[in-house]
$ cat data_13.txt   # compact mmCIF, C-alpha atoms
# COMPACT_ATOMS: atom_id res chain seq x y z
CA MET C 1 13.18 -18.75 -65.23
CA ASP C 2 10.60 -20.79 -67.15
CA LEU C 3 9.16 -18.64 -69.96
CA ASN C 4 6.56 -21.36 -70.60
CA LEU C 5 4.71 -19.81 -67.64
CA LEU C 6 3.81 -16.95 -70.00
CA ASN C 7 1.68 -19.26 -72.17
CA LEU C 8 -1.70 -17.54 -72.59
CA LYS C 9 -3.65 -20.53 -71.26
CA ILE C 10 -1.37 -20.90 -68.24
CA GLN C 11 -1.61 -17.17 -67.49
CA GLY C 12 -5.39 -17.42 -67.78
CA PHE C 13 -5.41 -20.36 -65.36
CA ILE C 14 -3.22 -18.43 -62.89
CA ASN C 15 -5.51 -15.39 -63.04
CA ASP C 16 -8.64 -17.54 -62.65
CA ASN C 17 -7.28 -19.03 -59.45
CA ILE C 18 -6.12 -15.90 -57.63
CA ASP C 19 -7.17 -16.16 -53.95
CA LYS C 20 -7.86 -19.90 -54.31
CA ASN C 21 -6.52 -22.49 -51.86
CA THR C 22 -3.40 -23.84 -53.56
CA ALA C 23 -3.27 -26.83 -51.17
CA LYS C 24 -6.54 -28.02 -52.70
CA LEU C 25 -5.38 -27.17 -56.22
CA ALA C 26 -2.25 -29.25 -55.63
CA LEU C 27 -4.43 -32.37 -55.41
CA GLN C 28 -5.67 -31.84 -58.97
CA LYS C 29 -3.96 -33.20 -62.06
CA ASN C 30 -1.66 -30.69 -63.76
CA PRO C 31 -3.54 -29.45 -66.87
CA PHE C 32 -0.24 -28.16 -68.33
CA PRO C 33 2.28 -31.05 -68.25
CA GLU C 34 4.88 -28.98 -70.12
CA VAL C 35 5.37 -26.91 -66.92
CA GLU C 36 5.98 -28.21 -63.41
CA TRP C 37 2.76 -28.09 -61.39
CA ILE C 38 4.58 -26.65 -58.35
CA SER C 39 5.78 -23.72 -60.49
CA ILE C 40 2.23 -22.86 -61.55
CA LEU C 41 0.97 -23.12 -57.97
CA ASN C 42 3.80 -20.86 -56.82
CA GLN C 43 2.79 -18.26 -59.41
CA ILE C 44 -0.78 -18.34 -58.07
CA GLU C 45 0.36 -17.93 -54.46
CA ALA C 46 2.90 -15.21 -55.22
CA LYS C 47 0.55 -13.24 -57.47
CA THR C 48 -2.19 -13.46 -54.86
CA LYS C 49 0.18 -11.97 -52.27
CA SER C 50 1.03 -9.19 -54.75
CA LYS C 51 -2.59 -8.13 -55.21
CA SER C 52 -2.53 -5.48 -52.49
CA LYS C 53 1.21 -5.34 -51.78
CA LEU C 54 2.42 -4.83 -55.38
CA PRO C 55 -0.54 -3.59 -57.45
CA ASN C 56 1.63 -2.44 -60.39
CA TRP C 57 3.11 -5.92 -60.74
CA PHE C 58 -0.30 -7.56 -60.22
CA LEU C 59 -1.94 -5.50 -62.99
CA THR C 60 0.92 -5.84 -65.51
CA LYS C 61 0.80 -8.67 -68.05
CA ASN C 62 3.51 -11.35 -68.33
CA ILE C 63 5.04 -10.79 -64.90
CA ILE C 64 6.93 -13.80 -63.56
CA TYR C 65 7.03 -14.23 -59.78
CA PRO C 66 9.80 -15.76 -57.66
CA SER C 67 9.07 -17.89 -54.59
CA LYS C 68 6.33 -16.65 -52.29
CA ILE C 69 9.01 -16.09 -49.60
CA SER C 70 10.67 -13.51 -51.87
CA ILE C 71 7.31 -11.75 -52.24
CA GLU C 72 6.77 -11.80 -48.46
CA GLN C 73 10.23 -10.34 -47.82
CA THR C 74 10.18 -7.64 -50.49
CA SER C 75 9.21 -4.04 -49.80
CA SER C 76 5.64 -3.07 -50.53
CA GLU C 77 5.03 -0.41 -53.16
CA LYS C 78 3.90 1.96 -50.41
CA THR C 79 7.16 1.74 -48.48
CA ALA C 80 9.22 1.79 -51.71
CA PHE C 81 7.47 5.03 -52.73
CA TYR C 82 8.44 6.56 -49.38
CA LYS C 83 12.08 5.48 -49.75
CA ALA C 84 12.27 7.05 -53.21
CA GLY C 85 11.41 10.38 -51.59
CA ILE C 86 14.62 10.23 -49.53
CA VAL C 87 17.00 10.04 -52.49
CA SER C 88 17.30 12.42 -55.42
CA CYS C 89 20.52 12.17 -57.35
CA GLU C 90 22.45 11.02 -60.41
CA ASN C 91 22.95 7.32 -59.73
CA LEU C 92 22.30 4.62 -57.12
CA ILE C 93 23.47 1.04 -56.65
CA ASP C 94 21.30 -1.45 -54.77
CA LEU C 95 23.57 -4.12 -53.27
CA THR C 96 20.69 -6.41 -52.30
CA GLY C 97 18.31 -6.04 -55.24
CA GLY C 98 15.88 -8.88 -54.51
CA PHE C 99 12.58 -8.60 -56.42
CA GLY C 100 13.43 -5.01 -57.41
CA VAL C 101 10.45 -3.14 -55.96
CA ASP C 102 12.59 -0.48 -54.29
CA ASP C 103 14.64 -0.03 -57.46
CA TYR C 104 11.49 0.44 -59.55
CA TYR C 105 10.63 3.46 -57.41
CA PHE C 106 14.22 4.71 -57.13
CA ALA C 107 14.31 4.72 -60.94
CA LYS C 108 11.46 7.24 -61.01
CA LYS C 109 13.67 9.74 -59.14
CA ILE C 110 17.19 8.81 -60.26
CA LYS C 111 18.78 8.87 -63.70
CA SER C 112 20.53 5.49 -63.35
CA VAL C 113 19.92 2.56 -60.95
CA THR C 114 22.02 -0.62 -60.68
CA HIS C 115 20.35 -3.77 -59.30
CA CYS C 116 22.71 -6.38 -57.80
CA GLU C 117 21.46 -9.88 -57.02
CA ILE C 118 23.51 -12.98 -56.17
CA ASN C 119 20.72 -15.40 -57.20
CA PRO C 120 20.87 -15.77 -61.04
CA GLU C 121 17.27 -17.04 -61.29
CA LEU C 122 15.90 -14.10 -59.34
CA SER C 123 18.06 -11.59 -61.23
CA ASN C 124 16.77 -12.89 -64.58
CA ILE C 125 13.17 -12.72 -63.35
CA VAL C 126 13.67 -9.11 -62.22
CA LYS C 127 15.27 -8.13 -65.54
CA HIS C 128 12.34 -9.69 -67.42
CA ASN C 129 9.79 -7.93 -65.20
CA PHE C 130 11.42 -4.52 -65.61
CA GLN C 131 10.96 -4.95 -69.37
CA GLN C 132 7.26 -5.69 -68.85
CA LEU C 133 6.97 -2.66 -66.56
CA ASP C 134 8.68 -0.52 -69.25
CA VAL C 135 11.57 0.50 -66.99
CA LYS C 136 14.64 1.43 -69.03
CA ASN C 137 17.09 3.00 -66.56
CA ILE C 138 17.87 -0.02 -64.35
CA SER C 139 20.75 -2.37 -65.13
CA CYS C 140 20.88 -5.82 -63.51
CA HIS C 141 24.10 -7.49 -62.33
CA ILE C 142 24.41 -11.10 -61.13
CA GLY C 143 26.92 -12.02 -58.43
CA ASP C 144 28.31 -10.96 -55.07
CA SER C 145 27.41 -7.29 -54.70
CA ILE C 146 30.59 -6.28 -52.87
CA GLU C 147 32.61 -7.74 -55.75
CA THR C 148 30.31 -5.97 -58.23
CA LEU C 149 30.84 -2.70 -56.37
CA THR C 150 34.63 -2.94 -56.64
CA THR C 151 34.53 -4.22 -60.23
CA LEU C 152 32.36 -1.35 -61.46
CA ASN C 153 34.63 1.07 -59.56
CA THR C 154 32.11 3.91 -59.85
CA LYS C 155 31.39 6.83 -57.55
CA TRP C 156 27.71 6.52 -56.61
CA SER C 157 25.39 9.23 -55.33
CA TRP C 158 23.78 6.61 -53.06
CA ILE C 159 24.34 3.01 -52.01
CA TYR C 160 21.21 1.16 -50.89
CA ILE C 161 21.40 -2.02 -48.80
CA ASP C 162 18.73 -4.31 -47.36
CA PRO C 163 20.88 -6.85 -45.46
CA SER C 164 19.33 -10.22 -44.63
CA ARG C 165 19.95 -12.22 -41.47
CA ARG C 166 22.23 -15.21 -41.82
CA ASN C 167 20.59 -18.58 -41.11
CA ASP C 168 23.03 -19.22 -38.26
CA ALA C 169 21.88 -16.00 -36.54
CA LYS C 170 18.42 -17.33 -35.66
CA GLY C 171 17.59 -16.97 -31.99
CA LYS C 172 20.26 -14.31 -31.42
CA VAL C 173 19.60 -10.66 -30.63
CA PHE C 174 19.18 -8.93 -33.99
CA MET C 175 22.44 -7.21 -34.89
CA LEU C 176 23.62 -5.83 -38.23
CA GLN C 177 26.84 -7.84 -37.92
CA ASP C 178 24.70 -11.00 -38.15
CA CYS C 179 23.42 -9.99 -41.59
CA LEU C 180 24.65 -10.32 -45.17
CA PRO C 181 26.23 -8.17 -46.30
CA ASN C 182 27.85 -7.26 -42.99
CA VAL C 183 27.43 -3.49 -43.18
CA PRO C 184 29.54 -2.51 -40.12
CA GLU C 185 32.43 -4.62 -41.42
CA HIS C 186 32.25 -3.15 -44.94
CA LEU C 187 31.40 0.45 -44.03
CA ASP C 188 34.83 1.92 -44.81
CA LEU C 189 34.83 0.10 -48.17
CA LEU C 190 31.34 1.40 -48.97
CA TYR C 191 32.45 4.97 -48.24
CA LYS C 192 35.12 4.60 -50.94
CA TYR C 193 32.32 4.44 -53.51
CA SER C 194 29.65 6.72 -52.03
CA ASP C 195 29.27 9.43 -49.40
CA SER C 196 25.60 8.53 -48.78
CA ILE C 197 24.23 5.13 -47.74
CA LEU C 198 20.64 4.11 -47.08
CA ILE C 199 20.20 0.91 -45.06
CA LYS C 200 16.89 -0.88 -44.63
CA THR C 201 16.43 -3.13 -41.61
CA ALA C 202 13.55 -5.05 -40.09
CA PRO C 203 11.70 -3.32 -37.23
CA LEU C 204 13.02 -6.05 -34.94
CA LEU C 205 16.35 -4.17 -34.80
CA ASP C 206 16.58 -2.07 -31.66
CA ILE C 207 17.49 1.55 -32.43
CA SER C 208 20.18 1.72 -29.76
CA ALA C 209 21.68 -1.55 -31.06
CA GLY C 210 21.81 -0.16 -34.60
CA LEU C 211 23.48 3.03 -33.38
CA SER C 212 26.09 0.98 -31.50
CA GLU C 213 27.16 -0.62 -34.81
CA LEU C 214 26.83 2.28 -37.24
CA LYS C 215 28.57 5.64 -37.44
CA ASN C 216 27.63 8.86 -39.24
CA VAL C 217 23.87 8.31 -38.80
CA LYS C 218 21.98 11.47 -39.75
CA PHE C 219 18.38 10.24 -40.04
CA ILE C 220 16.49 7.17 -38.87
CA HIS C 221 13.16 6.73 -40.65
CA ILE C 222 10.60 4.48 -38.96
CA VAL C 223 8.04 3.40 -41.56
CA ALA C 224 4.67 1.90 -40.67
CA VAL C 225 1.79 0.90 -42.95
CA GLU C 226 -1.70 0.93 -41.46
CA ASN C 227 -0.16 1.18 -37.98
CA GLU C 228 2.22 -1.78 -38.40
CA VAL C 229 5.94 -0.94 -38.44
CA LYS C 230 7.41 -2.47 -41.59
CA GLU C 231 10.99 -1.20 -41.74
CA LEU C 232 13.67 1.07 -40.34
CA LEU C 233 15.72 3.19 -42.74
CA TRP C 234 19.18 4.32 -41.63
CA GLU C 235 20.47 7.30 -43.58
CA ILE C 236 24.22 7.66 -43.06
CA HIS C 237 26.59 10.21 -44.60
CA LYS C 238 30.38 10.08 -44.69
CA GLY C 239 31.91 12.38 -42.09
CA TYR C 240 28.60 13.33 -40.45
CA THR C 241 28.91 13.81 -36.68
CA GLY C 242 25.86 15.94 -35.86
CA LYS C 243 22.61 15.16 -34.08
CA ILE C 244 20.47 12.17 -35.10
CA ASN C 245 17.01 13.00 -36.44
CA ILE C 246 14.16 10.52 -36.00
CA LYS C 247 11.44 10.63 -38.66
CA THR C 248 8.30 8.55 -38.17
CA VAL C 249 5.67 7.93 -40.82
CA ASN C 250 2.47 5.90 -40.72
CA ILE C 251 1.22 5.28 -44.27
CA LEU C 252 -2.57 5.13 -44.34
CA LYS C 253 -4.98 4.47 -47.21
CA GLU C 254 -5.29 8.08 -48.29
CA THR C 255 -2.73 9.99 -46.24
CA MET C 256 0.48 9.78 -44.22
CA ASP C 257 0.98 10.75 -40.57
CA PHE C 258 4.40 12.27 -39.87
CA PHE C 259 6.19 13.09 -36.64
CA GLU C 260 9.87 13.85 -36.17
CA PHE C 261 12.25 14.88 -33.41
CA VAL C 262 15.95 15.00 -32.55
CA LEU C 263 17.16 11.95 -30.64
CA ASP C 264 18.22 12.61 -27.01
CA ASP C 265 17.59 16.36 -27.39
CA PHE C 266 14.43 16.75 -25.28
CA THR C 267 14.86 19.34 -22.54
CA GLY C 268 11.24 20.01 -21.62
CA ILE C 269 9.23 18.74 -18.69
CA PRO C 270 6.30 16.48 -19.63
CA LYS C 271 2.92 17.24 -18.10
CA PHE C 272 0.83 14.61 -16.32
CA SER C 273 -2.83 14.46 -15.40
CA LEU C 274 -5.68 12.09 -14.74
CA PRO C 275 -7.86 11.29 -17.79
CA GLN C 276 -9.77 14.26 -19.17
CA LYS C 277 -12.27 14.14 -22.07
CA TYR C 278 -10.04 12.77 -24.83
CA LEU C 279 -7.49 9.96 -24.98
CA TYR C 280 -4.61 9.72 -27.49
CA GLU C 281 -2.63 6.63 -28.47
CA PRO C 282 0.45 7.24 -30.68
CA ASN C 283 0.80 5.20 -33.85
CA SER C 284 3.20 2.24 -33.93
CA ALA C 285 6.00 4.20 -35.66
CA ILE C 286 6.09 6.73 -32.81
CA MET C 287 5.92 3.91 -30.27
CA LYS C 288 8.96 2.30 -31.92
CA SER C 289 10.82 5.64 -31.91
CA GLY C 290 10.64 6.08 -28.15
CA GLY C 291 9.71 9.77 -28.56
CA PHE C 292 7.05 9.66 -25.86
CA ASP C 293 7.88 12.95 -24.12
CA GLU C 294 8.46 14.66 -27.47
CA VAL C 295 5.08 13.78 -28.98
CA GLY C 296 3.14 14.69 -25.84
CA THR C 297 4.86 18.05 -25.51
CA PHE C 298 4.58 18.89 -29.23
CA TYR C 299 0.80 18.39 -29.17
CA ASN C 300 0.42 19.98 -25.71
CA LEU C 301 -1.00 16.81 -24.18
CA ASN C 302 -0.80 15.40 -20.66
CA LYS C 303 0.62 11.94 -20.04
CA LEU C 304 -1.29 9.50 -17.86
CA HIS C 305 1.94 7.92 -16.58
CA LYS C 306 5.62 7.92 -17.49
CA HIS C 307 5.38 4.36 -18.83
CA SER C 308 1.79 4.16 -20.09
CA HIS C 309 2.36 6.11 -23.33
CA LEU C 310 -1.23 7.34 -23.37
CA TYR C 311 -2.14 11.03 -23.42
CA THR C 312 -5.15 13.13 -22.56
CA ASN C 313 -6.65 16.62 -22.82
CA ALA C 314 -9.97 18.43 -22.71
CA THR C 315 -10.12 19.60 -26.34
CA PRO C 316 -9.50 17.36 -29.39
CA VAL C 317 -6.42 18.02 -31.54
CA THR C 318 -5.14 16.46 -34.76
CA PHE C 319 -2.77 13.67 -33.71
CA PRO C 320 -0.63 10.98 -35.41
CA GLY C 321 -2.41 8.01 -33.88
CA ARG C 322 -5.78 6.95 -32.54
CA ILE C 323 -8.05 9.48 -30.80
CA PHE C 324 -10.85 8.48 -28.43
CA GLU C 325 -13.56 10.23 -26.49
CA ILE C 326 -13.64 8.92 -22.94
CA GLU C 327 -17.12 7.83 -21.90
CA ASN C 328 -16.38 6.31 -18.51
CA THR C 329 -13.41 6.00 -16.16
CA PHE C 330 -13.29 3.80 -13.07
CA PRO C 331 -10.62 2.35 -10.78
CA TYR C 332 -9.51 -1.22 -11.38
CA HIS C 333 -10.66 -3.33 -8.45
CA LYS C 334 -11.16 -7.00 -9.11
CA ASN C 335 -14.35 -7.07 -7.09
CA GLY C 336 -15.90 -4.12 -8.88
CA MET C 337 -15.43 -4.98 -12.52
CA LYS C 338 -18.38 -7.29 -13.06
CA ALA C 339 -21.03 -4.58 -13.41
CA HIS C 340 -18.93 -2.59 -15.90
CA LEU C 341 -17.44 -5.32 -18.05
CA GLU C 342 -19.04 -8.75 -17.82
CA ASN C 343 -20.53 -9.99 -21.13
CA GLN C 344 -19.76 -6.67 -22.85
CA GLN C 345 -18.39 -6.41 -26.42
CA LEU C 346 -15.20 -4.35 -26.30
CA ASN C 347 -11.89 -3.83 -28.10
CA ILE C 348 -9.32 -4.17 -25.31
CA THR C 349 -5.88 -2.54 -25.07
CA THR C 350 -3.47 -2.76 -22.13
CA ARG C 351 -0.76 -0.17 -21.49
CA ASN C 352 1.57 -0.43 -18.48
CA PHE C 353 -0.76 -3.03 -16.95
CA PRO C 354 0.08 -6.44 -15.44
CA ASP C 355 -2.73 -8.53 -16.99
CA THR C 356 -2.85 -9.63 -20.63
CA VAL C 357 -5.72 -8.93 -22.99
CA ALA C 358 -6.48 -12.66 -23.15
CA SER C 359 -6.70 -13.04 -19.37
CA ILE C 360 -8.90 -9.94 -19.06
CA ARG C 361 -11.30 -11.27 -21.70
CA LYS C 362 -11.50 -14.63 -19.99
CA LYS C 363 -11.88 -13.21 -16.48
CA TRP C 364 -14.77 -10.87 -17.35
CA LYS C 365 -16.25 -12.84 -20.27
CA ILE C 366 -15.71 -9.90 -22.62
CA LYS C 367 -16.57 -10.45 -26.28
CA GLU C 368 -14.21 -9.14 -28.95
CA GLY C 369 -15.08 -6.39 -31.44
CA GLY C 370 -17.75 -3.73 -31.61
CA ASN C 371 -17.32 0.05 -31.65
CA ARG C 372 -16.36 0.59 -28.01
CA TYR C 373 -12.78 0.54 -26.75
CA CYS C 374 -11.51 -0.35 -23.32
CA PHE C 375 -8.05 0.63 -22.00
CA PHE C 376 -6.55 -0.99 -18.92
CA THR C 377 -3.67 1.21 -17.76
CA THR C 378 -1.84 2.89 -14.90
CA VAL C 379 -1.96 6.61 -14.08
CA GLU C 380 0.62 8.92 -12.51
CA ASN C 381 -0.21 8.04 -8.88
CA ASN C 382 0.36 4.36 -9.84
CA ASN C 383 -3.31 3.52 -9.48
CA ARG C 384 -4.71 1.17 -12.11
CA ILE C 385 -7.76 2.34 -14.00
CA VAL C 386 -10.10 1.30 -16.79
CA LEU C 387 -11.23 3.68 -19.57
CA ILE C 388 -14.27 3.02 -21.73
CA CYS C 389 -14.05 5.03 -24.96
CA LYS C 390 -15.43 5.53 -28.42
CA LYS C 391 -13.10 6.13 -31.35
CA ILE C 392 -13.16 9.50 -33.13
$ encode --input "data_13.txt" --output "structure tokens"
Amino acid sequence: MDLNLLNLKIQGFINDNIDKNTAKLALQKNPFPEVEWISILNQIEAKTKSKSKLPNWFLTKNIIYPSKISIEQTSSEKTAFYKAGIVSCENLIDLTGGFGVDDYYFAKKIKSVTHCEINPELSNIVKHNFQQLDVKNISCHIGDSIETLTTLNTKWSWIYIDPSRRNDAKGKVFMLQDCLPNVPEHLDLLYKYSDSILIKTAPLLDISAGLSELKNVKFIHIVAVENEVKELLWEIHKGYTGKINIKTVNILKETMDFFEFVLDDFTGIPKFSLPQKYLYEPNSAIMKSGGFDEVGTFYNLNKLHKHSHLYTNATPVTFPGRIFEIENTFPYHKNGMKAHLENQQLNITTRNFPDTVASIRKKWKIKEGGNRYCFFTTVENNNRIVLICKKI
């Protein structure tokens, strides 16, 4: 950690060049020869990425940033705030501390938080930044976190883990056993030190694959931000053998959309119909959850097709996803599309449809954008249709 980066003139230069092209800046002569030019450029890039993702860090003076990859991989403040709502207890140990964003928010809910990080440089940066952020109830430990766990020999209210994929696991199906630390391998050891474990994984992990490796799963939280799934949170409790609850959340600018259900517990019969006046598209967190029958039944909506994951009704209802008013519906026949679509400006979505968005645009010369939406999909009788809609 180079404290020379905190020089007032260097900090001023970094702030003056937020959002600037660092590739072009790299061609300039370093105005601060006492500090490596690449280090200054990295601060500019990392701080720029933090502007919307980590506003507290961005607005705090004398923050030092790690590599831009660490910033890209860290939780956003929005998802960290959500995670902090899951835990409420005496103490927590984070076995994969990283840049410390999650721990910053855990520390607002928990009396004592322990941050473990194997990279000494990153650990020192995090410790420095917590001082700038005026956080006093987080202790930082350098070294292998499993060794730290056994050395401290403490009973924790919660253990938090964000395992990272090993380099030699690239190209494989994403499994927890291919990550460090290997949670399935260490699970019995972890239970010696805590009865409650919260595991964060990338959305790439298939839910059924995660359940095949983990035991005692009580809740799976699927967290999206602005309709993009960012992480899965696996809440496991020692000895738990009950039903698995799926909680989905889509974090929007001013609100959160929630939907939850019990996995494999649906006993109803979904309703189907042709498109009515309104069309509903679930948010990405619900799509990841697989709760397609559950969400349609809960909101008393009709499905267009078992595999289309689009819903309809005659009267608008509040819904965790996008809602459209259907303006026109017509069957998909290649010879009859020209009059409806050619040279139009439309936002295109395909659901349970053989053609790609790109091929549809090219075939009918459809321009991108505008305020009209076009869905290419399949309905219950397996006929393919096109829906022209406006967003509500």
$ closest_atom_pairs --input "data_13.txt" --of "segment 45-106 of chain C" --to "segment 149-165 of chain C" --cutoff "7 Å" --atoms "all atoms listed in the file" --output "JSON lines"
{"residue": "C:Cys89", "atom": "CA", "partner": "C:Ser157", "partner_atom": "CA", "distance": 6.0}
{"residue": "C:Glu90", "atom": "CA", "partner": "C:Ser157", "partner_atom": "CA", "distance": 6.1}
{"residue": "C:Asn91", "atom": "CA", "partner": "C:Ser157", "partner_atom": "CA", "distance": 5.4}
{"residue": "C:Leu92", "atom": "CA", "partner": "C:Trp158", "partner_atom": "CA", "distance": 4.8}
{"residue": "C:Ile93", "atom": "CA", "partner": "C:Ile159", "partner_atom": "CA", "distance": 5.1}
{"residue": "C:Asp94", "atom": "CA", "partner": "C:Tyr160", "partner_atom": "CA", "distance": 4.7}
{"residue": "C:Leu95", "atom": "CA", "partner": "C:Ile161", "partner_atom": "CA", "distance": 5.4}
{"residue": "C:Thr96", "atom": "CA", "partner": "C:Ile161", "partner_atom": "CA", "distance": 5.7}
$ residues_around --input "data_13.txt" --residues "Lys20 of chain C" --least-positions-apart "3" --cutoff "9 Å" --atoms "only C-alpha atoms" --output "VMD selection string"
chain C and resid 16 to 17 23 to 25 44 to 45 48
$ atom_distance --input "data_13.txt" --atom1 "atom CA of Ser39 of chain C" --atom2 "atom CA of Leu5 of chain C"
8.2 Å
$ closest_residue --input "data_13.txt" --among "C:His186, C:His307, C:Arg351, C:Arg372" --to "Lys390 of chain C" --atoms "only C-alpha atoms"
C:Arg372
$ closest_residue --input "data_13.txt" --among "C:Lys9, C:Lys61, C:His128, C:His309" --to "Met287 of chain C" --atoms "all atoms listed in the file"
C:His309
$ closest_residue --input "data_13.txt" --among "C:Ser76, C:Trp234, C:Met175, C:Glu121" --to "Asp103 of chain C" --atoms "all atoms listed in the file"
C:Ser76
$ closest_residue --input "data_13.txt" --among "C:Leu8, C:Val113, C:Leu274, C:Ile142" --to "Thr329 of chain C" --atoms "only C-alpha atoms"
C:Leu274
$ atom_distance --input "data_13.txt" --atom1 "atom CA of Glu77 of chain C" --atom2 "atom CA of Ile251 of chain C"
11.2 Å
$ closest_residue --input "data_13.txt" --among "C:Thr255, C:Ser112, C:Ser139, C:Ser145" --to "Asn124 of chain C" --atoms "only C-alpha atoms"
C:Ser139
$ residues_around --input "data_13.txt" --residues "segment 279-281 of chain C" --least-positions-apart "2" --cutoff "9 Å" --atoms "only C-alpha atoms" --output "ChimeraX atom specification"
/C:275-277,283,301,309-313,316,319-326,389
$ residues_around --input "data_13.txt" --residues "Leu252 of chain C" --least-positions-apart "5" --cutoff "8 Å" --atoms "all atoms listed in the file" --output "PyMOL selection string"
chain C and resi 225-227+257
$ closest_residue --input "data_13.txt" --among "C:Thr350, C:Asn56, C:Ser70, C:Thr114" --to "Asn129 of chain C" --atoms "all atoms listed in the file"
C:Asn56
$ residues_around --input "data_13.txt" --residues "Tyr299 of chain C" --least-positions-apart "2" --cutoff "9 Å" --atoms "only C-alpha atoms" --output "PyMOL selection string"
chain C and resi 294-297+301+317-319
$ atom_distance --input "data_13.txt" --atom1 "atom CA of Asn7 of chain C" --atom2 "atom CA of Glu36 of chain C"
13.2 Å
$ residues_around --input "data_13.txt" --residues "segment 10-15 of chain C" --least-positions-apart "4" --cutoff "12 Å" --atoms "all atoms listed in the file" --output "NGL selection string"
:C and (3-6 or 19-20 or 22 or 25 or 30-37 or 39-48 or 51 or 58-65)
$ residues_near_point --input "data_13.txt" --point "(14.8, 3.7, -56.0)" --cutoff "9 Å" --atoms "all atoms listed in the file" --output "mmCIF file with C-alpha atoms, in the coordinates of the input"
data_model
loop_
_atom_site.group_PDB
_atom_site.id
_atom_site.type_symbol
_atom_site.label_atom_id
_atom_site.label_comp_id
_atom_site.auth_asym_id
_atom_site.auth_seq_id
_atom_site.Cartn_x
_atom_site.Cartn_y
_atom_site.Cartn_z
ATOM 1 C CA ALA C 80 9.220 1.790 -51.710
ATOM 2 C CA PHE C 81 7.470 5.030 -52.730
ATOM 3 C CA LYS C 83 12.080 5.480 -49.750
ATOM 4 C CA ALA C 84 12.270 7.050 -53.210
ATOM 5 C CA GLY C 85 11.410 10.380 -51.590
ATOM 6 C CA VAL C 87 17.000 10.040 -52.490
ATOM 7 C CA LEU C 92 22.300 4.620 -57.120
ATOM 8 C CA ASP C 94 21.300 -1.450 -54.770
ATOM 9 C CA GLY C 100 13.430 -5.010 -57.410
ATOM 10 C CA VAL C 101 10.450 -3.140 -55.960
ATOM 11 C CA ASP C 102 12.590 -0.480 -54.290
ATOM 12 C CA ASP C 103 14.640 -0.030 -57.460
ATOM 13 C CA TYR C 104 11.490 0.440 -59.550
ATOM 14 C CA TYR C 105 10.630 3.460 -57.410
ATOM 15 C CA PHE C 106 14.220 4.710 -57.130
ATOM 16 C CA ALA C 107 14.310 4.720 -60.940
ATOM 17 C CA LYS C 108 11.460 7.240 -61.010
ATOM 18 C CA LYS C 109 13.670 9.740 -59.140
ATOM 19 C CA ILE C 110 17.190 8.810 -60.260
ATOM 20 C CA VAL C 113 19.920 2.560 -60.950
ATOM 21 C CA TYR C 160 21.210 1.160 -50.890
#
